[in-house]
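Participant: Dumping the structure here so I can ask a few things about it.
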Amino acid sequence: MMVMTFAIKVNGAVHQVDVDGDTPLLWVLRDVLGMTGTKFGCGMALCGACTVHLDGVAARSCITSIDSIADSKITTIEAIGTTSAGARVQQAWLDREVVQCGYCQSGQIMSASALLSSNPTPTDSDIDDAMSGNICRCGTYLRIREAIKHAAQSSSGED
Amino acid sequence: MMIQDRKTSPVPCAGGSPSANGLSRRGFLQTVAATGGGLLLSVSLPLRRGAAAPAGTVEFAPSAFVRIGNDGQIVLTMPYVEMGQGTYTSISMLIAEELEVNLAQVRLEPAPPNKKLFGNPFLAGEQATGGSTAMRATWTSMREAGATARTMLVSAAAKRWNVDPASCLARNGEVVHASSGRSVGYGEIAADAALIPMPDSVALKQPKDFRLIGLQAKRLDAPAKVNGTAVFGIDARPPGVKVATLAQSPVFGGRLKSVNATAASAVNGVRQIVQLDDAVAVVADHMGAARKGLAALAIEWNDGPNAKLSTQDIVDDLARAMLGSGEVAQNIGDCDTAMAGAVTRVDATYQLPFLAHATMEPMNCTVHVREDSCEVWIGSQVAERTQAAAARVTGLPLDKVVVHNHLLGG
């Protein structure tokens, strides 16, 4: 495969990257652009640690090839706080003391903020469906669910 | 950082201490003016080995450092790593409680590996985080450090105001003289405090007066972990670094028989294929290229002596081993007689399989080897072993190997 130059929009800035077209977005973010907030866990879309947003929708960057992104806007944990849902989720994560080791939490927060953007008042079942692909070895699941509800409530009166 | 020995006599300490096995209760402290201003305390955790040496003859070996800067920021350098168990927060609470500062004023810095300086007294002097030992090892010494600093800050303020220290109190990072309405921040008085002789004894707070210990606290490491700025070992990015990934023999004791690297070498961004006895590594500009190269390798393994070893074989071996007499680790009372006379006997067999920890953060390590030194970036529970391994492989002396320890993704 030929190295090509891809122009990708990450957190509002356009970056030119010279990589094979099948290179996963994860490694472009982490190793080419040096944005290490997005985490590598499994490389097979099994753990959710690498979750980013493509046009506001949660995507596993470890299996998202760079040539599939085109003009989609990429948002990562580094900039999710500039969105309404992302800022509320981050605050809820702090209010509810969600994190322990923290390694999976970038991905958890990206999945949770994508959920709240599309569904401002998720049920337990909605939360389970949206978050089931993000695993946490510390076992913070119950606090994650509480924090998502907390973030959902904090949106009332906004937006 | 220059550390002067201004204190050779032990500081008496209050509170319990696990002394049954000869662990000394001497919590040595030293104080000195900090580089760049402020007050620096060096804390020595009592070492299990050699604790019987008489006072004054033991070489001072600090295990942690507390720096009170001119800006009032408290920086705690300590050898325990954070992997989700909350040690950065809980040990900071010990300092903040006695020092009378808010927890948010304490900042943590991981300590570099130095067995002599940072040994864990509960792990036989090894610099390690494990076995739920961090809180037990620091409970008294960290509180003493905080109380000593607080006492010296109060003394310094009282001296400046020419009042009795007993008429002053420490509160919220300030020394307050209530009767005259005066107060001074720790940062402003820290340099003066460094010139005060360290008190021979300090009073630790009574549990009824605790305002942090025993209560819910906000984790100090949480903000960085919700905005992507927390740096784990895998996030280390020294300038110019290449990345590598590797395939190891799938069987313990197996060896590399052959590898065809033609396709892997042709992958864009792949720089080098490294063959070892029991592994093949692909070095590349980024991990995407390295993993693509690894997948393109055609590897044949010689599985070696364990080729046919099964889980059942391991279980059977262990079961056979249990039929022997074994080693006695501890013998309290008369177990044989007690068992013979037991009213109820329970026979049960418990088996656990061998399992990988399977941490969320894949095992990783970044190394920069130079002619005369070696730098390592890692998240490790035992940074000292990392240092030793790097020294062994490079042939460099230990003091030429620097290990930068990081948050661990558990």
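In the structure tokens, chains take the letters A, B, ... in the order shown, each chain's residues start at 1, and ligands count up from 1 in the order shown.
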Give me, as an MDAnalysis selection string, the contact residues of chain B against chain A at a cut-off of 9 Å, counting only C-alpha atoms.

Facilitator: chainID B and resid 82:86 218:219 221:232 234:237 243 267:269 285:289 292 358:362 407:410

Participant: Give the alpha helix (DSSP H) residues of range 66-290 of chain B, as DSSP finds them on the backbone, and put them as a count of residues only.

Facilitator: 66

Participant: Which value, in Å to one decimal, gives the distance between CA of Ala338 in chain B and CA of Gly324 in chain B?

Facilitator: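 Calculated distance between CA of Ala338 in chain B and CA of Gly324 in chain B is 21.3 Å.
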
Participant: For Ala96 in chain B, list every protein, DNA or RNA residue within 7 Å, evaluated using only C-alpha atoms, and leave out those in the same chain fewer than 6 positions away; present the list as a ChimeraX atom specification.

Facilitator: /B:102-103,146

Participant: Taking C-alpha atoms for each residue, export the selection above as a PDB file, in the first residue's frame.

Facilitator:
ATOM      1  CA  ASN B 102      -6.350  21.594  52.264  1.00  0.00           C
ATOM      2  CA  LEU B 103      -5.825  18.403  50.333  1.00  0.00           C
ATOM      3  CA  GLY B 146       3.338  17.035  58.586  1.00  0.00           C
TER       4      GLY B 146
END
